[in-house]
file structure.cif (mmCIF, C-alpha atoms and all ligand atoms)
data_data
loop_
_atom_site.label_atom_id
_atom_site.label_comp_id
_atom_site.auth_asym_id
_atom_site.auth_seq_id
_atom_site.Cartn_x
_atom_site.Cartn_y
_atom_site.Cartn_z
CA MET A 244 0.00 0.00 0.00
CA THR A 245 1.16 3.52 -0.72
CA GLY A 246 -0.98 4.87 2.15
CA HIS A 247 -3.13 7.26 0.15
CA THR A 248 -5.76 7.20 -2.56
CA PRO A 249 -3.91 7.00 -5.87
CA ILE A 250 -4.52 9.62 -8.53
CA THR A 251 -6.43 8.13 -11.43
CA THR A 252 -7.20 9.84 -14.71
CA ALA A 253 -9.15 9.16 -17.88
CA PHE A 254 -5.85 8.78 -19.76
CA THR A 255 -4.09 5.55 -20.64
CA ALA A 256 -0.88 4.16 -22.13
CA GLU A 257 -2.22 5.12 -25.55
CA SER A 258 -2.90 8.76 -24.67
CA THR A 259 -0.66 11.36 -26.26
CA ALA A 260 0.86 14.45 -24.70
CA ALA A 261 -1.41 16.64 -26.84
CA GLU A 262 -4.50 14.80 -25.58
CA VAL A 263 -3.39 15.14 -21.96
CA VAL A 264 -2.90 18.90 -22.22
CA ALA A 265 -5.96 19.60 -24.38
CA GLY A 266 -8.06 22.35 -22.83
CA ILE A 267 -5.28 23.47 -20.47
CA ASP A 268 -4.03 27.01 -21.06
CA LEU A 269 -0.36 27.53 -20.16
CA THR A 270 -0.15 31.09 -21.45
CA GLY A 271 2.18 33.07 -19.20
CA ARG A 272 3.82 29.94 -17.80
CA ARG A 273 7.51 29.25 -18.31
CA ALA A 274 8.87 25.74 -18.72
CA VAL A 275 12.27 24.09 -19.00
CA VAL A 276 12.66 20.66 -20.60
CA THR A 277 16.07 19.02 -20.27
CA GLY A 278 17.04 16.85 -23.21
CA GLY A 279 14.40 18.71 -25.17
CA ALA A 280 16.06 18.14 -28.53
CA SER A 281 15.42 14.43 -28.89
CA GLY A 282 13.05 11.59 -28.16
CA ILE A 283 10.41 12.15 -25.51
CA GLY A 284 11.79 15.59 -24.71
CA ILE A 285 10.80 16.97 -28.11
CA GLU A 286 7.19 15.88 -27.73
CA THR A 287 7.05 17.06 -24.12
CA ALA A 288 8.25 20.48 -25.21
CA ARG A 289 5.90 20.54 -28.21
CA ALA A 290 2.86 19.79 -26.06
CA LEU A 291 3.76 22.47 -23.50
CA ALA A 292 4.43 25.03 -26.24
CA GLY A 293 1.21 24.00 -27.97
CA ALA A 294 -0.67 24.88 -24.79
CA GLY A 295 0.91 28.35 -24.79
CA ALA A 296 3.88 28.01 -22.43
CA GLU A 297 7.24 29.63 -23.03
CA VAL A 298 9.53 26.61 -23.34
CA THR A 299 13.30 26.50 -22.97
CA LEU A 300 15.01 23.46 -24.43
CA ALA A 301 17.97 22.82 -22.12
CA VAL A 302 20.35 20.84 -24.30
CA ARG A 303 24.00 20.03 -24.81
CA ASN A 304 23.67 19.92 -28.60
CA LEU A 305 22.73 23.49 -29.49
CA ALA A 306 22.37 22.82 -33.22
CA ALA A 307 19.86 20.03 -32.51
CA GLY A 308 18.14 22.36 -30.05
CA GLU A 309 17.77 25.10 -32.65
CA ARG A 310 16.42 22.64 -35.23
CA THR A 311 13.91 21.33 -32.69
CA ALA A 312 12.87 24.81 -31.62
CA ASP A 313 12.24 25.78 -35.27
CA ASP A 314 10.16 22.64 -35.75
CA ILE A 315 8.10 23.24 -32.59
CA ILE A 316 7.53 26.89 -33.52
CA ALA A 317 6.40 25.80 -37.00
CA THR A 318 4.02 23.14 -35.71
CA THR A 319 2.53 25.06 -32.75
CA GLY A 320 2.72 28.67 -33.91
CA ASN A 321 4.20 29.52 -30.51
CA LYS A 322 7.34 31.58 -31.07
CA GLN A 323 8.40 31.41 -27.42
CA VAL A 324 10.56 28.33 -27.81
CA LEU A 325 14.10 29.01 -26.63
CA VAL A 326 17.32 27.03 -26.52
CA ALA A 327 19.94 27.14 -23.77
CA PRO A 328 23.11 25.10 -23.24
CA LEU A 329 23.11 22.53 -20.47
CA ASP A 330 25.45 19.61 -19.87
CA LEU A 331 24.18 17.78 -16.80
CA ALA A 332 27.47 15.95 -16.35
CA ASP A 333 29.34 19.26 -16.02
CA ARG A 334 28.78 21.15 -12.77
CA ALA A 335 29.95 24.45 -14.30
CA SER A 336 27.42 24.10 -17.11
CA VAL A 337 24.56 23.49 -14.67
CA THR A 338 25.66 26.44 -12.54
CA ALA A 339 25.85 28.66 -15.62
CA PHE A 340 22.30 27.64 -16.60
CA THR A 341 20.82 28.33 -13.18
CA ALA A 342 22.75 31.59 -12.80
CA ALA A 343 21.46 32.81 -16.15
CA TRP A 344 17.82 32.00 -15.36
CA ASP A 345 15.85 35.12 -14.57
CA GLY A 346 12.32 35.29 -13.15
CA PRO A 347 9.85 32.58 -12.19
CA LEU A 348 9.88 29.03 -13.48
CA HIS A 349 6.51 27.27 -13.47
CA ILE A 350 7.41 23.90 -14.99
CA LEU A 351 10.65 21.92 -14.90
CA VAL A 352 10.82 18.60 -16.72
CA ASN A 353 13.95 16.69 -15.71
CA ASN A 354 13.86 14.51 -18.79
CA ALA A 355 17.39 14.09 -20.14
CA GLY A 356 19.14 10.83 -19.51
CA ILE A 357 21.53 8.14 -20.60
CA MET A 358 20.94 4.42 -20.30
CA ALA A 359 23.19 1.41 -19.73
CA CYS A 360 26.31 3.01 -21.16
CA PRO A 361 29.74 1.45 -20.80
CA GLU A 362 31.52 2.52 -17.62
CA ALA A 363 32.38 6.20 -17.78
CA ARG A 364 33.09 8.88 -15.22
CA THR A 365 32.84 12.65 -14.98
CA ALA A 366 35.82 14.88 -14.30
CA GLU A 367 35.10 14.37 -10.57
CA GLY A 368 35.18 10.59 -11.02
CA TRP A 369 31.42 10.20 -10.54
CA GLU A 370 29.77 7.29 -12.36
CA LEU A 371 28.22 8.87 -15.45
CA GLN A 372 24.62 7.59 -15.26
CA PHE A 373 24.22 8.67 -11.63
CA ALA A 374 25.95 11.98 -12.40
CA THR A 375 23.81 12.73 -15.45
CA ASN A 376 20.44 11.28 -14.58
CA HIS A 377 20.39 12.23 -10.90
CA LEU A 378 23.13 14.58 -9.71
CA GLY A 379 22.93 16.96 -12.67
CA HIS A 380 19.17 17.24 -12.32
CA PHE A 381 19.50 17.61 -8.54
CA ALA A 382 21.93 20.50 -9.04
CA LEU A 383 19.65 22.02 -11.67
CA ALA A 384 16.46 21.83 -9.61
CA THR A 385 18.06 23.03 -6.39
CA GLY A 386 19.78 25.81 -8.34
CA LEU A 387 16.40 26.84 -9.74
CA HIS A 388 14.58 26.51 -6.42
CA ARG A 389 14.12 30.23 -5.97
CA ALA A 390 12.66 30.57 -9.47
CA LEU A 391 10.33 27.63 -8.86
CA ALA A 392 9.19 29.09 -5.54
CA ALA A 393 8.58 32.45 -7.24
CA ALA A 394 6.16 30.81 -9.68
CA GLY A 395 3.65 29.90 -6.96
CA GLY A 396 2.51 26.33 -7.58
CA ALA A 397 5.45 25.17 -9.69
CA ARG A 398 5.53 21.59 -10.94
CA VAL A 399 8.59 19.42 -11.48
CA ALA A 400 8.64 16.10 -13.34
CA SER A 401 11.42 13.66 -12.55
CA VAL A 402 11.54 11.25 -15.48
CA SER A 403 12.40 7.86 -14.02
CA SER A 404 11.87 4.39 -15.49
CA SER A 405 10.59 0.94 -14.62
CA ALA A 406 14.30 0.12 -14.69
CA HIS A 407 14.40 1.61 -11.19
CA LEU A 408 13.15 -1.86 -10.16
CA ARG A 409 16.63 -3.16 -11.01
CA SER A 410 18.40 -1.43 -8.15
CA PRO A 411 17.93 0.72 -5.09
CA VAL A 412 20.46 3.47 -4.46
CA VAL A 413 23.38 1.50 -3.03
CA PHE A 414 24.60 4.07 -0.54
CA ASP A 415 27.64 2.00 0.42
CA ASP A 416 28.96 2.18 -3.13
CA ILE A 417 27.01 4.59 -5.34
CA GLY A 418 30.08 5.07 -7.52
CA PHE A 419 30.85 1.42 -8.30
CA ARG A 420 34.22 1.65 -6.61
CA GLU A 421 33.95 -1.55 -4.59
CA ARG A 422 31.71 -3.59 -6.92
CA ASP A 423 32.01 -4.43 -10.58
CA TYR A 424 30.35 -1.92 -12.87
CA GLU A 425 27.10 -3.25 -14.32
CA PRO A 426 25.39 -0.89 -16.81
CA TRP A 427 21.81 -1.84 -15.90
CA ALA A 428 22.44 -1.69 -12.16
CA ALA A 429 23.90 1.78 -12.63
CA TYR A 430 20.93 2.87 -14.73
CA GLY A 431 18.48 1.36 -12.23
CA GLN A 432 20.21 3.08 -9.33
CA SER A 433 20.05 6.45 -11.09
CA LYS A 434 16.36 5.98 -11.89
CA THR A 435 15.58 5.07 -8.27
CA ALA A 436 17.38 8.29 -7.35
CA ASN A 437 14.97 10.16 -9.65
CA VAL A 438 12.02 8.85 -7.60
CA LEU A 439 13.69 9.53 -4.24
CA PHE A 440 14.37 13.08 -5.41
CA ALA A 441 10.64 13.59 -6.00
CA VAL A 442 9.87 12.28 -2.51
CA GLU A 443 12.32 14.52 -0.65
CA ALA A 444 11.92 17.62 -2.81
CA SER A 445 8.14 17.52 -2.40
CA LYS A 446 8.60 17.35 1.36
CA ARG A 447 11.18 20.12 1.54
CA TRP A 448 9.48 22.43 -0.96
CA ALA A 449 5.79 21.95 -0.10
CA ALA A 450 5.72 25.26 1.75
CA ASP A 451 6.92 26.95 -1.45
CA GLY A 452 4.04 25.43 -3.39
CA ILE A 453 6.42 23.26 -5.44
CA THR A 454 5.41 19.69 -6.17
CA VAL A 455 7.68 17.07 -7.69
CA ASN A 456 6.50 13.76 -9.10
CA ALA A 457 8.35 10.90 -10.74
CA LEU A 458 7.20 8.90 -13.72
CA MET A 459 7.85 6.04 -16.07
CA PRO A 460 7.21 7.26 -19.65
CA GLY A 461 6.86 3.77 -21.16
CA GLY A 462 9.08 2.05 -23.69
CA ILE A 463 9.82 4.31 -26.64
CA ARG A 464 12.33 3.78 -29.45
CA THR A 465 14.71 6.72 -29.11
CA GLY A 466 18.39 7.51 -28.94
CA LEU A 467 18.30 6.16 -25.39
CA GLN A 468 18.77 2.62 -26.68
CA ARG A 469 22.06 3.48 -28.40
CA TYR A 470 24.04 1.19 -26.08
CA VAL A 471 21.47 -1.60 -26.15
CA THR A 472 21.68 -4.50 -28.57
CA GLU A 473 18.71 -6.37 -30.03
CA ALA A 474 19.78 -9.32 -27.84
CA ASP A 475 19.55 -7.09 -24.76
CA LEU A 476 16.08 -5.96 -25.81
CA ASP A 477 14.96 -9.58 -26.34
CA ARG A 478 16.24 -10.44 -22.87
CA LEU A 479 14.42 -7.45 -21.35
CA ARG A 480 11.21 -8.40 -23.16
CA ALA A 481 11.51 -11.98 -21.88
CA GLN A 482 11.96 -10.67 -18.34
CA ALA A 483 8.74 -8.71 -18.75
CA GLY A 484 7.06 -12.15 -18.65
CA SER A 485 3.35 -12.07 -19.20
CA GLU A 486 3.35 -8.34 -19.81
CA PRO A 487 4.36 -7.97 -23.45
CA ALA A 488 6.52 -4.92 -24.10
CA ARG A 489 4.74 -2.56 -26.46
CA TRP A 490 6.60 0.40 -27.84
CA LYS A 491 4.90 3.73 -27.43
CA THR A 492 5.25 6.58 -29.89
CA PRO A 493 7.25 9.58 -28.60
CA GLU A 494 3.93 11.49 -28.38
CA GLN A 495 2.55 8.77 -26.10
CA GLY A 496 5.85 8.60 -24.21
CA ALA A 497 5.63 12.31 -23.41
CA ALA A 498 2.07 12.05 -22.09
CA THR A 499 2.83 11.11 -18.48
CA SER A 500 5.46 13.86 -18.14
CA VAL A 501 3.00 16.40 -19.46
CA LEU A 502 0.26 15.05 -17.20
CA VAL A 503 2.28 15.45 -14.01
CA VAL A 504 3.26 19.03 -14.82
CA THR A 505 -0.13 20.24 -16.05
CA SER A 506 -3.09 18.21 -14.80
CA PRO A 507 -5.39 19.93 -12.28
CA LEU A 508 -5.83 16.48 -10.73
CA LEU A 509 -2.30 16.81 -9.35
CA ASP A 510 -2.73 20.20 -7.66
CA GLY A 511 -0.75 19.98 -4.41
CA VAL A 512 0.22 16.36 -5.09
CA GLY A 513 3.90 15.47 -4.85
CA GLY A 514 6.32 12.68 -4.13
CA ARG A 515 4.46 10.09 -6.17
CA TYR A 516 5.24 7.83 -9.13
CA PHE A 517 3.13 7.68 -12.28
CA GLU A 518 3.05 5.42 -15.32
CA ASP A 519 0.70 5.36 -18.29
CA CYS A 520 -0.85 8.66 -17.12
CA ASN A 521 -2.00 7.30 -13.74
CA GLU A 522 -0.39 6.95 -10.35
CA ALA A 523 1.20 3.53 -10.03
CA GLY A 524 0.76 1.15 -7.14
CA LEU A 525 3.56 -0.70 -5.45
CA ASN A 526 5.44 -3.17 -7.63
CA GLN A 527 4.39 -6.77 -7.21
CA PRO A 528 6.83 -9.66 -7.48
CA GLY A 529 7.18 -10.87 -11.07
CA SER A 530 5.86 -7.62 -12.53
CA ARG A 531 7.79 -4.84 -14.23
CA ARG A 532 5.09 -2.32 -13.38
CA GLY A 533 4.60 -0.17 -10.32
CA VAL A 534 7.02 1.48 -7.96
CA ALA A 535 9.51 -0.20 -5.62
CA ALA A 536 8.97 0.47 -1.92
CA TYR A 537 12.67 1.42 -1.66
CA ALA A 538 12.13 4.21 -4.17
CA LEU A 539 9.49 5.85 -1.96
CA ASP A 540 11.39 5.32 1.31
CA PRO A 541 11.52 8.71 3.05
CA ASP A 542 14.72 7.85 4.95
CA ALA A 543 16.51 6.90 1.74
CA ALA A 544 15.16 10.06 0.11
CA ALA A 545 16.51 12.25 2.92
CA LEU A 546 19.86 10.46 2.85
CA LEU A 547 20.19 10.82 -0.92
CA TRP A 548 19.49 14.54 -0.65
CA GLN A 549 22.32 14.96 1.86
CA VAL A 550 24.70 12.72 -0.10
CA SER A 551 23.94 14.72 -3.23
CA LEU A 552 24.60 18.03 -1.47
CA ASP A 553 27.87 16.65 -0.09
CA LEU A 554 29.02 15.40 -3.49
CA LEU A 555 28.25 18.71 -5.17
CA ALA A 556 30.04 20.61 -2.40
CA SER A 557 33.14 18.39 -2.61
N1 LIG A 601 12.77 5.66 -24.24
C1 LIG A 601 12.38 4.82 -23.32
O1 LIG A 601 11.97 3.68 -23.61
C2 LIG A 601 12.44 5.22 -21.87
C3 LIG A 601 11.96 4.32 -20.91
C4 LIG A 601 12.03 4.68 -19.57
C5 LIG A 601 12.54 5.91 -19.21
N2 LIG A 601 13.01 6.76 -20.16
C6 LIG A 601 13.58 8.04 -19.74
O2 LIG A 601 13.08 9.08 -20.53
C7 LIG A 601 14.01 10.15 -20.60
C8 LIG A 601 14.14 10.62 -22.04
O3 LIG A 601 14.69 9.57 -22.80
P1 LIG A 601 14.49 9.42 -24.37
O4 LIG A 601 13.96 8.06 -24.58
O5 LIG A 601 13.78 10.58 -24.94
O6 LIG A 601 16.03 9.37 -24.83
P2 LIG A 601 16.87 10.26 -25.83
O7 LIG A 601 16.15 10.47 -27.11
O8 LIG A 601 18.22 9.64 -25.88
O9 LIG A 601 16.92 11.63 -25.07
C9 LIG A 601 17.72 11.81 -23.94
C10 LIG A 601 18.22 13.22 -23.96
O10 LIG A 601 19.09 13.41 -22.84
C11 LIG A 601 20.15 14.20 -23.29
N3 LIG A 601 21.35 14.06 -22.46
C12 LIG A 601 22.11 12.97 -22.25
N4 LIG A 601 23.16 13.28 -21.48
C13 LIG A 601 23.07 14.60 -21.22
C14 LIG A 601 23.87 15.52 -20.50
N5 LIG A 601 25.02 15.15 -19.89
N6 LIG A 601 23.47 16.80 -20.42
C15 LIG A 601 22.34 17.19 -21.03
N7 LIG A 601 21.54 16.39 -21.75
C16 LIG A 601 21.93 15.10 -21.83
C17 LIG A 601 20.43 13.72 -24.69
O11 LIG A 601 21.19 14.65 -25.37
P3 LIG A 601 22.10 14.27 -26.64
O12 LIG A 601 21.13 14.17 -27.78
O13 LIG A 601 23.06 15.38 -26.73
O14 LIG A 601 22.74 12.93 -26.33
C18 LIG A 601 19.03 13.59 -25.21
O15 LIG A 601 18.55 14.81 -25.69
C19 LIG A 601 15.31 9.63 -19.96
O16 LIG A 601 15.42 10.15 -18.66
C20 LIG A 601 15.09 8.13 -19.89
O17 LIG A 601 15.78 7.51 -18.82
C21 LIG A 601 12.95 6.45 -21.47
#

call {"tool": "encode", "arguments": {"input": "structure.cif", "output": "C-alpha cells"}}
result
Amino acid sequence: MTGHTPITTAFTAESTAAEVVAGIDLTGRRAVVTGGASGIGIETARALAGAGAEVTLAVRNLAAGERTADDIIATTGNKQVLVAPLDLADRASVTAFTAAWDGPLHILVNNAGIMACPEARTAEGWELQFATNHLGHFALATGLHRALAAAGGARVASVSSSAHLRSPVVFDDIGFRERDYEPWAAYGQSKTANVLFAVEASKRWAADGITVNALMPGGIRTGLQRYVTEADLDRLRAQAGSEPARWKTPEQGAATSVLVVTSPLLDGVGGRYFEDCNEAGLNQPGSRRGVAAYALDPDAAALLWQVSLDLLAS
C-alpha cells in the first residue's frame, strides 16, 4: 500500500501528450525541458508550447536544439521556444544555466538521460549515469529553487523508469568503486534516485508550493537505446514475462510527463510515481510495473538529498 488514494485519470498508455494537455491554457507559464532536442523531450516540449507556455530546451547539442525549436515553432505557432546550453554531467554548465535563469519558473521537466552506457566517469570521477540522470538534475532543480518558488505552484517532473526496479540506491557504493560496474544496475540506481528526489523535494518544498512527481514514460524507441543490442532488448522483453513490451510513440511517451506538470488532478500532489498517465501502485513480485517500496522510502530520500549536497560541495 502507498498509504493514500492513488490519482487516477481518464488517460491511458495510448494517450498522447497533446490529448493530456488539451483544454489546459499555459499562457504566461515558463517551462524548461532538459534533453528537449530528442526523443520524448521533443514531444514534451511541443505539447507544453502548444498549450501556450514559453519553453526552454535545455540541451548540450545546441544545433539540434535550434532545429527542434524551429520545428516546434512551426508546428505550434508559438514563437516562445528558446534554446539554452546545459550539460548535466558538467557542474559548471549546470551552474551557468541556473545563474542565467531570470524570473519565475513554473514547470521543470527533468527529462534528459543516458541508459546502460559502458563505464564512464565525470571529471570528478562520478559514475556517469548517476551523475547525469540524478546529480545533474539535482543541481539544476536546487539551483532553480528560488525561481520555482517564485512561480507559486510550480511543478517538477522527474523522469524515471521501470528500470528503477533493477536497483535501489546502493549508498555504500554509489560510484561502483567496490563492486564491478554493471550498466543496468547503474541505470536502475540512477532511476531510483529520480524517484527519491521527487519524494524529498516535495517534502522540503511543499511550503513553497512546489510539487515534484516521478514517472515512467513507457518504452519508446529513441536515442536512449544506443548502447542496447537487439539481444539485450529480447532479454528485457523476456523478463517482462506475461506483460508484453509494447513500444509507445514519442507522443505517447511524453504524455505522463505532461500530465504530471499540467493536470489539475495533481494540484498539491507530490512525491508520487506515475506510469501510463496514472499513479502507479507498489510493484508486485514478477511484474515490471509499479514502484519499488525502496524508491518511496523517506529515509533513503533524505539520505540521498544529503549525499547529493555533499558530493556537489566536494
Ligand atoms: N525511451 C524509453 O523507452 C524510456 C523508458 C524509460 C525511461 N526513459 C527516460 O526518458 C528520458 C528521455 O529519454 P528518451 O527516450 O527521450 O532518450 P533520448 O532520445 O536519448 O533523449 C535523452 C536526452 O538526454 C540528453 N542528455 C544525455 N546526457 C546529457 C547531459 N550530460 N546533459 C544534457 N543532456 C543530456 C540527450 O542529449 P544528446 O542528444 O546530446 O545525447 C538527449 O537529448 C530519460 O530520462 C530516460 O531515462 C525512457

call {"tool": "residues_around", "arguments": {"input": "structure.cif", "residues": "Ser410 of chain A", "least_positions_apart": "5", "cutoff": "7 Å", "atoms": "all atoms listed in the file", "output": "PyMOL selection string"}}
result
chain A and resi 428+431-432

call {"tool": "atom_distance", "arguments": {"input": "structure.cif", "atom1": "atom C7 of ligand LIG 601 (chain A)", "atom2": "atom CA of Ala332 of chain A"}}
result
15.3 Å

call {"tool": "atom_distance", "arguments": {"input": "structure.cif", "atom1": "atom CA of Tyr424 of chain A", "atom2": "atom C12 of ligand LIG 601 (chain A)"}}
result
19.4 Å

call {"tool": "residues_near_ligand", "arguments": {"input": "structure.cif", "ligand": "ligand LIG 601 (chain A)", "cutoff": "6 Å", "atoms": "all atoms listed in the file", "output": "ChimeraX atom specification"}}
result
/A:278-284,302-304,329-332,354-357,375,402-404,459-467

call {"tool": "closest_residue", "arguments": {"input": "structure.cif", "among": "A:Arg364, A:Arg273, A:Lys322, A:His380", "to": "Asp345 of chain A", "atoms": "all atoms listed in the file"}}
result
A:Arg273

call {"tool": "residues_around", "arguments": {"input": "structure.cif", "residues": "Ala288 of chain A", "least_positions_apart": "2", "cutoff": "8 Å", "atoms": "only C-alpha atoms", "output": "number ranges by chain"}}
result
A: 276, 279, 284-286, 290-292, 298, 300, 315

call {"tool": "write_last_selection", "arguments": {"input": "structure.cif", "atoms": "C-alpha atoms", "output": "short mmCIF file (atom, residue, chain, number, x, y, z; two decimals), keeping the file's coordinate frame"}}
result
data_model
loop_
_atom_site.label_atom_id
_atom_site.label_comp_id
_atom_site.auth_asym_id
_atom_site.auth_seq_id
_atom_site.Cartn_x
_atom_site.Cartn_y
_atom_site.Cartn_z
CA VAL A 276 12.66 20.66 -20.60
CA GLY A 279 14.40 18.71 -25.17
CA GLY A 284 11.79 15.59 -24.71
CA ILE A 285 10.80 16.97 -28.11
CA GLU A 286 7.19 15.88 -27.73
CA ALA A 290 2.86 19.79 -26.06
CA LEU A 291 3.76 22.47 -23.50
CA ALA A 292 4.43 25.03 -26.24
CA VAL A 298 9.53 26.61 -23.34
CA LEU A 300 15.01 23.46 -24.43
CA ILE A 315 8.10 23.24 -32.59
#

call {"tool": "closest_atom_pairs", "arguments": {"input": "structure.cif", "of": "segment 398-506 of chain A", "to": "segment 532-539 of chain A", "cutoff": "10 Å", "atoms": "only C-alpha atoms", "output": "Markdown table"}}
result
| residue | atom | partner | partner_atom | distance |
| --- | --- | --- | --- | --- |
| A:Ser404 | CA | A:Val534 | CA | 9.4 |
| A:Ser405 | CA | A:Arg532 | CA | 6.5 |
| A:Ala406 | CA | A:Arg532 | CA | 9.6 |
| A:His407 | CA | A:Ala535 | CA | 7.6 |
| A:Leu408 | CA | A:Ala535 | CA | 6.1 |
| A:Arg409 | CA | A:Ala535 | CA | 9.4 |
| A:Ser410 | CA | A:Tyr537 | CA | 9.1 |
| A:Pro411 | CA | A:Tyr537 | CA | 6.3 |
| A:Val412 | CA | A:Ala538 | CA | 8.4 |
| A:Gln432 | CA | A:Ala538 | CA | 9.7 |
| A:Lys434 | CA | A:Ala538 | CA | 9.0 |
| A:Thr435 | CA | A:Ala538 | CA | 5.4 |
| A:Ala436 | CA | A:Ala538 | CA | 7.4 |
| A:Asn437 | CA | A:Ala538 | CA | 8.6 |
| A:Val438 | CA | A:Ala538 | CA | 5.8 |
| A:Leu439 | CA | A:Ala538 | CA | 5.5 |
| A:Phe440 | CA | A:Ala538 | CA | 9.2 |
| A:Ala441 | CA | A:Leu539 | CA | 8.8 |
| A:Val442 | CA | A:Leu539 | CA | 6.5 |
| A:Glu443 | CA | A:Leu539 | CA | 9.2 |
| A:Ala457 | CA | A:Val534 | CA | 9.9 |
| A:Leu458 | CA | A:Val534 | CA | 9.4 |
| A:Met459 | CA | A:Gly533 | CA | 9.1 |
| A:Ala483 | CA | A:Arg532 | CA | 9.1 |
| A:Glu486 | CA | A:Arg532 | CA | 9.0 |

call {"tool": "residues_near_point", "arguments": {"input": "structure.cif", "point": "(29.9, 3.6, -17.4)", "cutoff": "9 Å", "atoms": "only C-alpha atoms", "output": "number ranges by chain"}}
result
A: 359-364, 370-372, 424-426, 429

call {"tool": "decode", "arguments": {"input": "structure.cif", "residues": "segment 540-546 of chain A", "atoms": "all heavy atoms", "output": "PDB file, in the first residue's frame"}}
result
ATOM      1  N   ASP A 540      10.965   5.339  -0.103  1.00  0.00           N
ATOM      2  CA  ASP A 540      11.390   5.321   1.306  1.00  0.00           C
ATOM      3  C   ASP A 540      11.854   6.723   1.747  1.00  0.00           C
ATOM      4  O   ASP A 540      12.866   7.234   1.230  1.00  0.00           O
ATOM      5  CB  ASP A 540      12.533   4.304   1.441  1.00  0.00           C
ATOM      6  CG  ASP A 540      13.091   4.250   2.855  1.00  0.00           C
ATOM      7  OD1 ASP A 540      12.604   4.994   3.728  1.00  0.00           O
ATOM      8  OD2 ASP A 540      14.045   3.473   3.068  1.00  0.00           O
ATOM      9  N   PRO A 541      11.159   7.338   2.682  1.00  0.00           N
ATOM     10  CA  PRO A 541      11.521   8.711   3.054  1.00  0.00           C
ATOM     11  C   PRO A 541      12.912   8.828   3.671  1.00  0.00           C
ATOM     12  O   PRO A 541      13.580   9.855   3.496  1.00  0.00           O
ATOM     13  CB  PRO A 541      10.434   9.111   4.063  1.00  0.00           C
ATOM     14  CG  PRO A 541       9.713   7.857   4.433  1.00  0.00           C
ATOM     15  CD  PRO A 541       9.961   6.855   3.366  1.00  0.00           C
ATOM     16  N   ASP A 542      13.369   7.789   4.364  1.00  0.00           N
ATOM     17  CA  ASP A 542      14.719   7.851   4.945  1.00  0.00           C
ATOM     18  C   ASP A 542      15.783   7.828   3.849  1.00  0.00           C
ATOM     19  O   ASP A 542      16.767   8.579   3.897  1.00  0.00           O
ATOM     20  CB  ASP A 542      14.941   6.677   5.914  1.00  0.00           C
ATOM     21  CG  ASP A 542      14.042   6.789   7.137  1.00  0.00           C
ATOM     22  OD1 ASP A 542      13.626   7.928   7.466  1.00  0.00           O
ATOM     23  OD2 ASP A 542      13.733   5.750   7.749  1.00  0.00           O
ATOM     24  N   ALA A 543      15.571   6.952   2.862  1.00  0.00           N
ATOM     25  CA  ALA A 543      16.510   6.902   1.738  1.00  0.00           C
ATOM     26  C   ALA A 543      16.479   8.216   0.962  1.00  0.00           C
ATOM     27  O   ALA A 543      17.519   8.704   0.496  1.00  0.00           O
ATOM     28  CB  ALA A 543      16.170   5.730   0.817  1.00  0.00           C
ATOM     29  N   ALA A 544      15.288   8.789   0.836  1.00  0.00           N
ATOM     30  CA  ALA A 544      15.161  10.057   0.107  1.00  0.00           C
ATOM     31  C   ALA A 544      15.926  11.176   0.815  1.00  0.00           C
ATOM     32  O   ALA A 544      16.635  11.967   0.175  1.00  0.00           O
ATOM     33  CB  ALA A 544      13.687  10.419  -0.045  1.00  0.00           C
ATOM     34  N   ALA A 545      15.801  11.215   2.149  1.00  0.00           N
ATOM     35  CA  ALA A 545      16.511  12.248   2.921  1.00  0.00           C
ATOM     36  C   ALA A 545      18.024  12.027   2.841  1.00  0.00           C
ATOM     37  O   ALA A 545      18.803  12.988   2.713  1.00  0.00           O
ATOM     38  CB  ALA A 545      16.032  12.219   4.371  1.00  0.00           C
ATOM     39  N   LEU A 546      18.424  10.760   2.914  1.00  0.00           N
ATOM     40  CA  LEU A 546      19.858  10.457   2.849  1.00  0.00           C
ATOM     41  C   LEU A 546      20.425  10.833   1.482  1.00  0.00           C
ATOM     42  O   LEU A 546      21.516  11.427   1.381  1.00  0.00           O
ATOM     43  CB  LEU A 546      20.073   8.960   3.138  1.00  0.00           C
ATOM     44  CG  LEU A 546      21.515   8.460   3.103  1.00  0.00           C
ATOM     45  CD1 LEU A 546      22.398   9.228   4.096  1.00  0.00           C
ATOM     46  CD2 LEU A 546      21.560   6.951   3.426  1.00  0.00           C
TER      47      LEU A 546
END
